[in-house]
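Source file entry-v6.csv; content: CSV, C-alpha atoms and all ligand atoms.
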```csv
chain,number,residue,atom,x,y,z
K,27,PHE,CA,161.4,153.0,140.3
K,28,ILE,CA,162.2,151.2,137.1
K,29,ILE,CA,163.2,147.7,137.4
K,30,VAL,CA,165.0,147.0,134.2
K,31,HIS,CA,165.5,143.3,134.0
K,32,ASN,CA,167.4,141.3,131.5
K,33,TRP,CA,164.1,139.4,131.7
K,34,VAL,CA,165.0,136.1,130.2
K,35,ILE,CA,162.4,135.0,127.7
K,36,GLN,CA,162.6,131.4,127.1
K,37,ARG,CA,162.6,130.8,123.4
K,38,PRO,CA,160.6,127.6,123.9
K,39,SER,CA,163.4,125.2,123.0
K,40,THR,CA,161.6,122.5,124.9
K,41,LEU,CA,157.9,122.6,125.3
K,42,SER,CA,158.3,125.1,128.1
K,43,GLU,CA,156.2,128.1,127.9
K,44,THR,CA,157.3,131.7,127.5
K,45,GLN,CA,158.4,132.8,130.9
K,46,TYR,CA,159.1,136.4,132.1
K,47,PHE,CA,160.8,136.9,135.4
K,48,GLY,CA,163.1,139.3,137.2
K,49,GLU,CA,165.6,139.3,140.0
K,50,ILE,CA,165.0,140.1,143.7
K,51,SER,CA,167.2,139.5,146.7
K,52,ILE,CA,166.3,138.2,150.1
K,53,GLY,CA,168.4,138.4,153.3
K,54,SER,CA,171.7,140.0,154.4
K,55,PRO,CA,174.0,139.3,152.7
K,56,PRO,CA,171.6,139.3,149.7
K,57,GLN,CA,170.6,135.9,148.3
K,58,MET,CA,169.4,136.3,144.6
K,59,PHE,CA,166.3,134.8,143.2
K,60,ASN,CA,164.4,135.0,139.9
K,61,VAL,CA,160.7,135.5,140.4
K,62,VAL,CA,157.6,135.8,138.2
K,63,PHE,CA,155.8,139.1,139.1
K,64,ASP,CA,152.4,137.5,139.0
K,65,THR,CA,149.2,139.7,139.1
K,66,GLY,CA,147.2,136.5,139.4
K,67,SER,CA,148.4,135.9,143.0
K,68,ALA,CA,149.5,137.9,146.0
K,69,ASN,CA,152.1,135.9,147.9
K,70,LEU,CA,155.8,135.7,147.7
K,71,TRP,CA,157.2,132.2,147.9
K,72,ILE,CA,160.7,130.9,147.3
K,73,PRO,CA,162.2,127.4,147.4
K,74,SER,CA,163.7,126.7,150.8
K,75,ALA,CA,167.2,125.3,151.6
K,76,SER,CA,165.3,122.9,153.9
K,77,CYS,CA,163.3,121.3,151.0
K,78,SER,CA,164.0,117.6,150.6
K,79,PRO,CA,166.1,116.6,147.6
K,80,LEU,CA,163.2,114.4,146.6
K,81,TYR,CA,161.5,117.5,145.4
K,82,THR,CA,163.4,118.0,142.1
K,83,ALA,CA,161.6,121.2,141.3
K,84,CYS,CA,162.7,122.7,144.6
K,85,PHE,CA,166.2,121.2,144.6
K,86,SER,CA,167.0,122.4,141.0
K,87,HIS,CA,166.3,126.0,141.8
K,88,ASN,CA,168.0,128.7,144.0
K,89,ARG,CA,166.9,128.1,147.6
K,90,TYR,CA,166.7,130.6,150.5
K,91,ASP,CA,168.9,129.7,153.5
K,92,SER,CA,167.7,131.6,156.6
K,93,SER,CA,170.8,130.4,158.6
K,94,GLN,CA,172.9,132.6,156.3
K,95,SER,CA,170.9,135.8,156.8
K,96,GLN,CA,171.5,138.3,159.6
K,97,THR,CA,168.2,139.9,159.1
K,98,TYR,CA,166.1,136.7,159.2
K,99,ILE,CA,163.1,136.7,161.5
K,100,LYS,CA,161.6,133.4,162.4
K,101,ASN,CA,157.8,132.8,161.9
K,102,GLY,CA,157.1,129.1,161.2
K,103,THR,CA,153.4,129.4,160.4
K,104,GLY,CA,152.3,126.7,157.8
K,105,PHE,CA,151.7,127.8,154.2
K,106,SER,CA,150.1,126.1,151.2
K,107,ILE,CA,149.2,127.5,147.8
K,108,GLN,CA,146.8,125.4,145.7
K,109,TYR,CA,147.8,125.5,142.0
K,110,GLY,CA,145.8,123.5,139.4
K,111,SER,CA,148.6,121.0,139.2
K,112,GLY,CA,149.3,120.6,142.9
K,113,ASN,CA,150.2,122.5,146.1
K,114,VAL,CA,153.3,124.4,146.9
K,115,ARG,CA,153.7,123.8,150.7
K,116,GLY,CA,156.1,125.3,153.3
K,117,PHE,CA,156.3,127.7,156.2
K,118,LEU,CA,156.5,131.5,156.7
K,119,SER,CA,159.6,133.4,157.4
K,120,GLU,CA,160.4,137.1,157.4
K,121,ASP,CA,163.5,138.9,156.0
K,122,LEU,CA,164.7,141.9,154.1
K,123,VAL,CA,163.6,141.7,150.4
K,124,MET,CA,165.0,144.1,147.8
K,125,VAL,CA,162.8,144.7,144.8
K,126,GLY,CA,164.3,147.1,142.2
K,127,GLY,CA,166.4,148.7,145.0
K,128,ILE,CA,163.5,149.2,147.3
K,129,PRO,CA,163.9,147.5,150.8
K,130,VAL,CA,160.9,145.7,152.3
K,131,ILE,CA,160.8,143.7,155.5
K,132,GLN,CA,158.5,141.0,154.1
K,133,VAL,CA,156.7,137.9,155.3
K,134,PHE,CA,157.1,135.2,152.6
K,135,ALA,CA,156.9,131.5,152.3
K,136,GLU,CA,159.9,129.1,152.2
K,137,ALA,CA,158.6,126.3,150.0
K,138,THR,CA,159.6,122.8,151.2
K,139,ALA,CA,157.4,121.0,148.7
K,140,VAL,CA,157.1,122.1,145.1
K,141,PRO,CA,155.2,119.9,142.6
K,142,ALA,CA,157.4,118.7,139.8
K,143,LEU,CA,154.8,119.6,137.3
K,144,PRO,CA,154.8,122.4,136.1
K,145,PHE,CA,157.7,123.7,138.2
K,146,ILE,CA,160.5,121.6,136.7
K,147,PHE,CA,159.9,123.6,133.5
K,148,ALA,CA,160.2,126.9,135.4
K,149,LYS,CA,163.3,129.0,134.7
K,150,PHE,CA,162.4,131.1,137.7
K,151,ASP,CA,162.8,130.1,141.3
K,152,GLY,CA,159.6,131.5,142.9
K,153,VAL,CA,156.7,133.8,142.6
K,154,LEU,CA,156.1,137.4,143.7
K,155,GLY,CA,152.4,138.0,143.7
K,156,MET,CA,151.4,141.4,142.5
K,157,GLY,CA,147.7,140.8,143.2
K,158,TYR,CA,145.5,142.6,145.8
K,159,PRO,CA,145.9,141.8,149.5
K,160,ASN,CA,142.5,140.1,149.8
K,161,ILE,CA,143.7,137.2,147.6
K,162,ALA,CA,146.9,136.8,149.8
K,163,ILE,CA,147.0,133.5,151.6
K,164,ASP,CA,147.5,133.7,155.4
K,165,GLY,CA,146.4,137.4,155.2
K,166,ILE,CA,150.1,138.4,154.5
K,167,THR,CA,150.5,142.0,153.3
K,168,PRO,CA,151.9,141.7,149.7
K,169,VAL,CA,155.2,143.2,148.6
K,170,PHE,CA,153.6,145.9,146.5
K,171,ASP,CA,151.4,147.0,149.4
K,172,GLN,CA,154.4,147.2,151.7
K,173,ILE,CA,156.1,149.5,149.0
K,174,LEU,CA,152.9,151.6,148.7
K,175,SER,CA,152.9,152.2,152.5
K,176,GLN,CA,156.5,153.7,152.2
K,177,HIS,CA,155.0,156.5,150.1
K,178,ILE,CA,158.0,156.6,147.8
K,179,LEU,CA,156.2,156.0,144.5
K,180,LYS,CA,155.2,158.9,142.3
K,181,GLU,CA,151.9,157.1,141.5
K,182,GLU,CA,150.4,154.1,143.1
K,183,VAL,CA,150.7,152.0,140.0
K,184,PHE,CA,153.0,149.4,138.3
K,185,SER,CA,153.3,148.7,134.6
K,186,VAL,CA,154.5,145.7,132.6
K,187,TYR,CA,156.1,145.5,129.2
K,188,TYR,CA,156.7,142.0,127.8
K,189,SER,CA,158.9,141.8,124.8
K,190,ARG,CA,157.3,140.1,121.8
K,191,ASP,CA,160.4,139.2,119.8
K,192,PRO,CA,162.9,137.7,122.2
K,193,HIS,CA,165.5,137.4,119.5
K,194,ASN,CA,165.9,141.1,119.1
K,195,MET,CA,164.9,142.4,122.5
K,196,PRO,CA,164.9,139.6,125.0
K,197,GLY,CA,163.1,140.4,128.2
K,198,GLY,CA,160.7,143.1,129.4
K,199,GLU,CA,160.3,145.6,132.2
K,200,ILE,CA,158.3,146.2,135.2
K,201,VAL,CA,158.0,149.8,136.4
K,202,LEU,CA,156.9,150.5,140.0
K,203,GLY,CA,155.3,153.9,140.4
K,204,GLY,CA,154.6,154.8,136.8
K,205,THR,CA,154.9,153.8,133.1
K,206,ASP,CA,157.8,153.7,130.6
K,207,PRO,CA,156.8,155.6,127.5
K,208,SER,CA,159.7,154.0,125.5
K,209,TYR,CA,157.7,150.8,125.4
K,210,TYR,CA,154.2,152.0,124.3
K,211,HIS,CA,152.7,154.5,121.9
K,212,GLY,CA,149.4,156.3,121.8
K,213,GLU,CA,147.0,156.8,124.6
K,214,PHE,CA,146.0,154.5,127.4
K,215,ASN,CA,142.4,153.2,127.6
K,216,TYR,CA,141.4,152.4,131.2
K,217,LEU,CA,139.0,149.8,132.4
K,218,SER,CA,137.8,149.7,136.1
K,219,THR,CA,138.5,146.4,137.9
K,220,SER,CA,135.1,144.7,138.1
K,221,LYS,CA,135.3,143.9,141.8
K,222,THR,CA,138.1,145.5,143.8
K,223,GLY,CA,140.5,142.9,145.0
K,224,LYS,CA,141.3,141.2,141.7
K,225,TRP,CA,143.1,142.4,138.5
K,226,GLU,CA,140.0,141.5,136.4
K,227,ILE,CA,137.9,143.6,134.1
K,228,GLU,CA,134.6,143.3,132.1
K,229,LEU,CA,135.1,141.6,128.7
K,230,LYS,CA,132.4,142.6,126.3
K,231,GLY,CA,133.1,139.9,123.6
K,232,VAL,CA,135.6,137.8,121.7
K,233,SER,CA,135.4,138.1,118.0
K,234,VAL,CA,137.0,136.6,114.9
K,235,ARG,CA,136.6,138.3,111.4
K,236,GLY,CA,134.4,140.9,113.0
K,237,GLU,CA,131.9,138.4,114.3
K,238,THR,CA,131.5,138.1,118.1
K,239,LEU,CA,131.7,134.3,118.7
K,240,PHE,CA,132.2,134.1,122.5
K,241,CYS,CA,131.3,136.0,125.6
K,242,LYS,CA,128.4,137.6,123.7
K,243,ASP,CA,126.6,138.7,126.9
K,244,GLY,CA,129.8,139.9,128.6
K,245,CYS,CA,132.1,138.0,130.8
K,246,THR,CA,135.2,138.4,133.0
K,247,ALA,CA,138.8,138.7,131.9
K,248,VAL,CA,141.7,138.3,134.4
K,249,ILE,CA,144.8,140.2,133.3
K,250,ASP,CA,147.5,137.7,134.5
K,251,THR,CA,151.2,138.6,134.1
K,252,GLY,CA,152.0,135.1,135.6
K,253,SER,CA,150.3,133.2,132.8
K,254,SER,CA,152.1,132.6,129.5
K,255,TYR,CA,149.1,132.1,127.3
K,256,ILE,CA,145.5,133.0,126.9
K,257,ILE,CA,143.1,130.7,128.8
K,258,GLY,CA,139.4,130.5,127.8
K,259,PRO,CA,136.4,128.2,128.5
K,260,ALA,CA,137.2,124.8,126.9
K,261,ALA,CA,134.3,124.7,124.5
K,262,SER,CA,135.0,128.3,123.3
K,263,VAL,CA,138.7,127.6,122.7
K,264,THR,CA,137.9,124.4,120.8
K,265,GLN,CA,135.6,126.4,118.6
K,266,LEU,CA,138.1,129.2,118.3
K,267,MET,CA,140.8,126.8,117.1
K,268,LYS,CA,138.5,125.7,114.3
K,269,ALA,CA,137.7,129.4,113.4
K,270,VAL,CA,141.4,130.2,113.0
K,271,GLY,CA,142.3,127.0,111.2
K,272,ALA,CA,144.3,125.2,113.9
K,273,THR,CA,144.2,121.5,114.7
K,274,GLU,CA,142.7,120.1,118.0
K,275,LEU,CA,146.3,120.1,119.2
K,276,TYR,CA,146.4,123.9,118.7
K,277,THR,CA,149.1,123.4,116.0
K,278,VAL,CA,149.1,125.3,112.7
K,279,ASN,CA,151.3,125.1,109.6
K,280,CYS,CA,153.9,127.8,110.1
K,281,ASP,CA,153.6,129.3,106.6
K,282,LYS,CA,149.9,129.9,107.2
K,283,VAL,CA,150.5,132.2,110.1
K,284,GLU,CA,150.4,135.5,108.2
K,285,ALA,CA,147.0,134.5,106.7
K,286,MET,CA,145.4,133.7,110.1
K,287,PRO,CA,142.6,136.0,111.2
K,288,SER,CA,142.9,138.4,114.1
K,289,ILE,CA,141.3,137.5,117.4
K,290,SER,CA,139.7,140.5,119.1
K,291,PHE,CA,138.8,141.2,122.7
K,292,GLU,CA,136.4,144.0,123.3
K,293,PHE,CA,137.1,146.1,126.5
K,294,GLY,CA,135.1,149.2,127.1
K,295,GLY,CA,134.5,150.6,123.7
K,296,THR,CA,137.8,149.4,122.2
K,297,GLU,CA,138.7,146.3,120.3
K,298,TYR,CA,142.1,144.8,121.3
K,299,SER,CA,143.1,142.5,118.4
K,300,LEU,CA,145.9,139.9,118.2
K,301,THR,CA,147.2,139.0,114.8
K,302,GLY,CA,148.3,135.4,114.0
K,303,GLU,CA,151.9,136.5,114.7
K,304,ASP,CA,150.8,137.7,118.2
K,305,TYR,CA,149.0,134.5,119.2
K,306,ILE,CA,151.3,131.9,117.6
K,307,HIS,CA,154.4,130.4,119.2
K,308,TRP,CA,157.2,129.2,116.9
K,309,PHE,CA,158.6,126.0,118.5
K,310,GLY,CA,161.3,125.9,115.9
K,311,GLU,CA,161.0,126.2,112.1
K,312,ASP,CA,157.9,124.1,111.4
K,313,LEU,CA,156.0,123.7,114.6
K,314,CYS,CA,153.7,126.6,115.3
K,315,VAL,CA,151.3,126.4,118.2
K,316,VAL,CA,148.4,128.7,119.0
K,317,THR,CA,149.0,130.2,122.5
K,318,PHE,CA,145.5,129.6,123.8
K,319,SER,CA,144.5,126.9,126.1
K,320,GLY,CA,141.0,125.7,127.1
K,321,LEU,CA,140.3,125.4,130.8
K,322,ASP,CA,136.9,125.6,132.6
K,323,ILE,CA,137.6,127.4,135.8
K,324,PRO,CA,134.7,126.6,138.1
K,325,PRO,CA,132.5,129.4,139.6
K,326,PRO,CA,132.7,131.6,141.6
K,327,VAL,CA,136.0,132.5,139.9
K,328,GLY,CA,135.0,131.2,136.4
K,329,PRO,CA,133.8,131.2,133.7
K,330,VAL,CA,136.6,133.5,132.9
K,331,TRP,CA,139.2,134.4,130.2
K,332,VAL,CA,142.7,134.7,131.5
K,333,LEU,CA,144.8,137.1,129.3
K,334,GLY,CA,148.5,136.3,129.9
K,335,ALA,CA,151.8,137.1,128.2
K,336,SER,CA,150.6,136.7,124.6
K,337,PHE,CA,148.1,139.5,125.2
K,338,ILE,CA,150.4,141.7,127.4
K,339,SER,CA,153.3,141.5,124.9
K,340,ARG,CA,151.0,143.3,122.4
K,341,TYR,CA,149.3,145.7,124.9
K,342,TYR,CA,151.5,147.5,127.4
K,343,THR,CA,149.6,147.2,130.7
K,344,GLU,CA,149.3,149.6,133.7
K,345,PHE,CA,147.9,148.2,136.9
K,346,ASP,CA,146.5,151.2,138.9
K,347,ARG,CA,145.9,150.6,142.6
K,348,HIS,CA,145.0,154.2,143.2
K,349,ASN,CA,142.0,154.2,140.9
K,350,ASN,CA,141.4,150.4,140.8
K,351,ARG,CA,141.7,150.2,137.1
K,352,ILE,CA,143.8,148.7,134.3
K,353,GLY,CA,145.2,150.7,131.4
K,354,PHE,CA,146.2,149.3,128.0
K,355,ALA,CA,148.3,151.0,125.3
K,356,ARG,CA,149.8,149.6,122.2
K,357,ALA,CA,153.2,148.1,123.0
K,358,VAL,CA,156.1,149.0,120.8
S,401,LIG,C1,144.3,130.8,143.7
S,401,LIG,C2,145.8,131.1,143.6
S,401,LIG,C3,146.6,129.9,144.1
S,401,LIG,C4,146.2,132.4,144.3
S,401,LIG,O1,146.0,131.2,142.1
S,401,LIG,C5,147.3,131.5,141.6
S,401,LIG,O2,148.3,131.6,142.3
S,401,LIG,N1,147.2,131.6,140.3
S,401,LIG,C6,148.4,132.0,139.5
S,401,LIG,C7,148.0,133.0,138.4
S,401,LIG,N2,149.1,133.3,137.6
S,401,LIG,C8,149.8,132.2,137.0
S,401,LIG,C9,150.3,131.2,138.0
S,401,LIG,C10,150.9,130.0,137.3
S,401,LIG,O3,150.3,129.3,136.6
S,401,LIG,N3,152.2,129.7,137.6
S,401,LIG,C11,152.9,128.5,137.0
S,401,LIG,C12,153.6,128.8,135.7
S,401,LIG,C13,153.2,129.7,134.8
S,401,LIG,C14,153.9,129.9,133.6
S,401,LIG,C15,155.0,129.2,133.3
S,401,LIG,C16,155.4,128.2,134.2
S,401,LIG,CL1,156.8,127.3,133.8
S,401,LIG,C17,154.7,128.0,135.4
S,401,LIG,CL2,155.3,126.9,136.5
S,401,LIG,C18,153.0,130.5,138.6
S,401,LIG,C19,154.4,130.6,138.4
S,401,LIG,C20,153.6,131.7,138.0
S,401,LIG,C21,149.1,130.8,138.9
```

Using structure tokens, write down the structure that the file contains.
Ligand SMILES: CC(C)(C)OC(=O)N[C@@H]1CNC[C@H](C(=O)N(Cc2cccc(Cl)c2Cl)C2CC2)C1
Amino acid sequence: FIIVHNWVIQRPSTLSETQYFGEISIGSPPQMFNVVFDTGSANLWIPSASCSPLYTACFSHNRYDSSQSQTYIKNGTGFSIQYGSGNVRGFLSEDLVMVGGIPVIQVFAEATAVPALPFIFAKFDGVLGMGYPNIAIDGITPVFDQILSQHILKEEVFSVYYSRDPHNMPGGEIVLGGTDPSYYHGEFNYLSTSKTGKWEIELKGVSVRGETLFCKDGCTAVIDTGSSYIIGPAASVTQLMKAVGATELYTVNCDKVEAMPSISFEFGGTEYSLTGEDYIHWFGEDLCVVTFSGLDIPPPVGPVWVLGASFISRYYTEFDRHNNRIGFARAV
């Protein structure tokens, strides 16, 4: 199943981040929602019609109204997902969800409390987690697992293309059940997920100008379709900004971008490099920002590098649940 979305890419007019999302429907008759297909989480949550108007981030997005759906099944169990910036809280409901034309009777969360930050910047309504079931809150079977159990996909994989140049080709594409050769060239390199249950792989090193500066003894990288940027340990990212000639605020002079060094991530035996063009965001004509951010994610998850959209838009990514592996190929 190819879900071709006019995935809106937010040219960051405001300081919002690049956001990639696609449309699903919930309920009968269908209520439409824009969701991030997020490999870093495994739950589906959507703003609820019963959220208080005090929650601007909830009230300013499309909200699910169970009273309008003939296929709604009441659940009512409490739900809370702990983001860095605050919790999304609500309760569970069950209804018919349509993803790329595939029907799923899905337990999901109606969010009645959504933190203003960062969700007032969100152009999407909710999140559809594409992670493994064992990171799913309340032990809910994720959407993709429900699709797998229908045995309708050619392969037990999904693939993600994020467009790099939103002006020419805004959007991207998620394919359920295979890959789309029109968006990559060359062969795939595959990396086994380090521990089943998370879309993460072994990172061998991070280098600039051929010198491995970080993660020298190996570390973990999470391939996260729900993150816009690349997140690394704070000290490493601070050092990296210096190495590429950016200020502490991650800004660079736009006419220096071409001259910036590539940053390479070594997976398996292959170097995956990002040029200055790949890792710089143009916030208008003369504000260029490096799309990295420093964050020390505490053990047991961290220390970890999170590779988000700025990496995926250069490397077409296949998430393979059959072989528990991630494949990269050069994106067009
Ligand atoms: C532990 C657990 C809670 C499961 O971790 C996660 O869910 N981890 C998620 C991992 N993927 C990114 C998610 C995230 O940061 N946002 C916020 C966001 C991202 C980009 C741009 C915007 Cl505007 C926003 Cl609001 C979700 C909406 C995707 C958190």

Can you build me a table of chain K residues sitting at most 6 Å from ligand LIG 401 (chain S), with the closest atom pair per residue and its distance in Å to one decimal, using all atoms listed in the file, sorted by chain and residue number, as JSON lines?
```
{"residue": "K:Glu43", "atom": "CA", "partner": "S:LIG401", "partner_atom": "C15", "distance": 5.6}
{"residue": "K:Gln45", "atom": "CA", "partner": "S:LIG401", "partner_atom": "C15", "distance": 5.5}
{"residue": "K:Val62", "atom": "CA", "partner": "S:LIG401", "partner_atom": "C20", "distance": 5.7}
{"residue": "K:Asp64", "atom": "CA", "partner": "S:LIG401", "partner_atom": "N2", "distance": 5.5}
{"residue": "K:Gly66", "atom": "CA", "partner": "S:LIG401", "partner_atom": "C7", "distance": 3.7}
{"residue": "K:Ser67", "atom": "CA", "partner": "S:LIG401", "partner_atom": "C4", "distance": 4.3}
{"residue": "K:Ile107", "atom": "CA", "partner": "S:LIG401", "partner_atom": "C3", "distance": 5.1}
{"residue": "K:Gln108", "atom": "CA", "partner": "S:LIG401", "partner_atom": "C3", "distance": 4.8}
{"residue": "K:Tyr109", "atom": "CA", "partner": "S:LIG401", "partner_atom": "C3", "distance": 5.0}
{"residue": "K:Pro144", "atom": "CA", "partner": "S:LIG401", "partner_atom": "CL2", "distance": 4.5}
{"residue": "K:Phe145", "atom": "CA", "partner": "S:LIG401", "partner_atom": "CL2", "distance": 4.3}
{"residue": "K:Phe147", "atom": "CA", "partner": "S:LIG401", "partner_atom": "CL1", "distance": 4.8}
{"residue": "K:Ala148", "atom": "CA", "partner": "S:LIG401", "partner_atom": "CL1", "distance": 3.8}
{"residue": "K:Val153", "atom": "CA", "partner": "S:LIG401", "partner_atom": "C19", "distance": 5.8}
{"residue": "K:Asp250", "atom": "CA", "partner": "S:LIG401", "partner_atom": "N2", "distance": 5.6}
{"residue": "K:Gly252", "atom": "CA", "partner": "S:LIG401", "partner_atom": "C8", "distance": 3.9}
{"residue": "K:Ser253", "atom": "CA", "partner": "S:LIG401", "partner_atom": "C8", "distance": 4.3}
{"residue": "K:Ser254", "atom": "CA", "partner": "S:LIG401", "partner_atom": "C14", "distance": 5.2}
```

Go ahead and find all residues with at least one atom no further than 10 Å from (169.8, 127.7, 141.8) in the file's coordinates, using only C-alpha atoms; report them as an mmCIF file with C-alpha atoms, in the coordinates of the input.
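Saved result, point_14.cif, follows:
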```cif
data_model
loop_
_atom_site.group_PDB
_atom_site.id
_atom_site.type_symbol
_atom_site.label_atom_id
_atom_site.label_comp_id
_atom_site.auth_asym_id
_atom_site.auth_seq_id
_atom_site.Cartn_x
_atom_site.Cartn_y
_atom_site.Cartn_z
ATOM 1 C CA MET K 58 169.400 136.300 144.600
ATOM 2 C CA PHE K 59 166.300 134.800 143.200
ATOM 3 C CA ASN K 60 164.400 135.000 139.900
ATOM 4 C CA PRO K 73 162.200 127.400 147.400
ATOM 5 C CA CYS K 84 162.700 122.700 144.600
ATOM 6 C CA PHE K 85 166.200 121.200 144.600
ATOM 7 C CA SER K 86 167.000 122.400 141.000
ATOM 8 C CA HIS K 87 166.300 126.000 141.800
ATOM 9 C CA ASN K 88 168.000 128.700 144.000
ATOM 10 C CA ARG K 89 166.900 128.100 147.600
ATOM 11 C CA TYR K 90 166.700 130.600 150.500
ATOM 12 C CA LYS K 149 163.300 129.000 134.700
ATOM 13 C CA PHE K 150 162.400 131.100 137.700
ATOM 14 C CA ASP K 151 162.800 130.100 141.300
#
```

**Q.** Atomic distance CA of Tyr81 in chain K - CA of Val140 in chain K, expressed in Å with one decimal
**A.** 6.4 Å

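Rounded to one decimal, CA of Cys77 in chain K and CA of Ser51 in chain K lie 19.1 Å from each other.
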
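CA of Val183 in chain K is positioned 24.5 Å from CA of Ile72 in chain K.
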
Q) Residues at most 9 Å from Ala137 in chain K, counting only C-alpha atoms, excluding those fewer than 5 positions away in the same chain, as a VMD selection string? A) chain K and resid 71 to 77 84 89 105 to 106 114 to 118 152

Dump as CSV the rows for residues of range 198-226 of chain K within 9 Å of range 157-175 of chain K: closest atom pair and distance in Å with one decimal, all atoms listed in the file counted, ordered by chain and rising residue number.
```
residue,atom,partner,partner_atom,distance
K:Leu202,CA,K:Phe170,CA,8.6
K:Gly203,CA,K:Leu174,CA,8.9
K:Thr222,CA,K:Tyr158,CA,8.2
K:Gly223,CA,K:Tyr158,CA,5.1
K:Lys224,CA,K:Tyr158,CA,6.0
K:Trp225,CA,K:Gly157,CA,6.8
```

**Q.** Nearby residues (all atoms listed in the file) at most 12 Å from Lys221 in chain K, same-chain spacing under 5 positions excluded, as JSON, numbers by chain
**A.** {"K": [158, 160, 226, 227, 228, 246, 247, 248, 327, 350, 351]}

Q: Compare K:Ala83, K:Leu217, K:Val270, K:Cys245 by their minimum atom-to-atom distance to Ser288 in chain K, counting only C-alpha atoms, and give me the closest one.
A: K:Val270

Q: Considering all atoms listed in the file, state which residue in the set K:Asp312, K:Glu344, K:Glu120, K:Glu199 is at the smallest distance from Ile249 in chain K.
A: K:Glu344

Q. Within 12 Å of Gly294 in chain K, counting all atoms listed in the file, which residues qualify if same-chain residues fewer than 6 places away don't, as a VMD selection string?
A. chain K and resid 215 to 220 227 to 231 244 352 to 354

Q | Polymer residues at most 12 Å from Ile338 in chain K, all atoms listed in the file, same-chain spacing of 4 or more positions, as an NGL selection string | A | :K and (46 or 65 or 185-190 or 198-200 or 209-210 or 248-256 or 298-300 or 304-305 or 332-334 or 342-345 or 352-358)

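Residue nearest Leu239 in chain K, chosen from K:Glu182, K:Glu303, K:Asp281, K:Glu292 and counting only C-alpha atoms: K:Glu292.
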
Q: May I have the residues within 10 Å of Ala260 in chain K as an MDAnalysis selection string, using only C-alpha atoms and disregarding those fewer than 5 positions away in the same chain?
A: chainID K and resid 265:266 319:323 329

Q) Which one of K:Leu275, K:Val125, K:Pro259, K:Phe47 sits closest to Pro325 in chain K if you count all atoms listed in the file? A) K:Pro259

Q | Best match for closeness to Val283 in chain K among K:Gly271, K:Gly328, K:Gly302, K:Pro79, counting all atoms listed in the file | A |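 Among K:Gly271, K:Gly328, K:Gly302, K:Pro79, it is K:Gly302 that comes nearest to Val283 in chain K.
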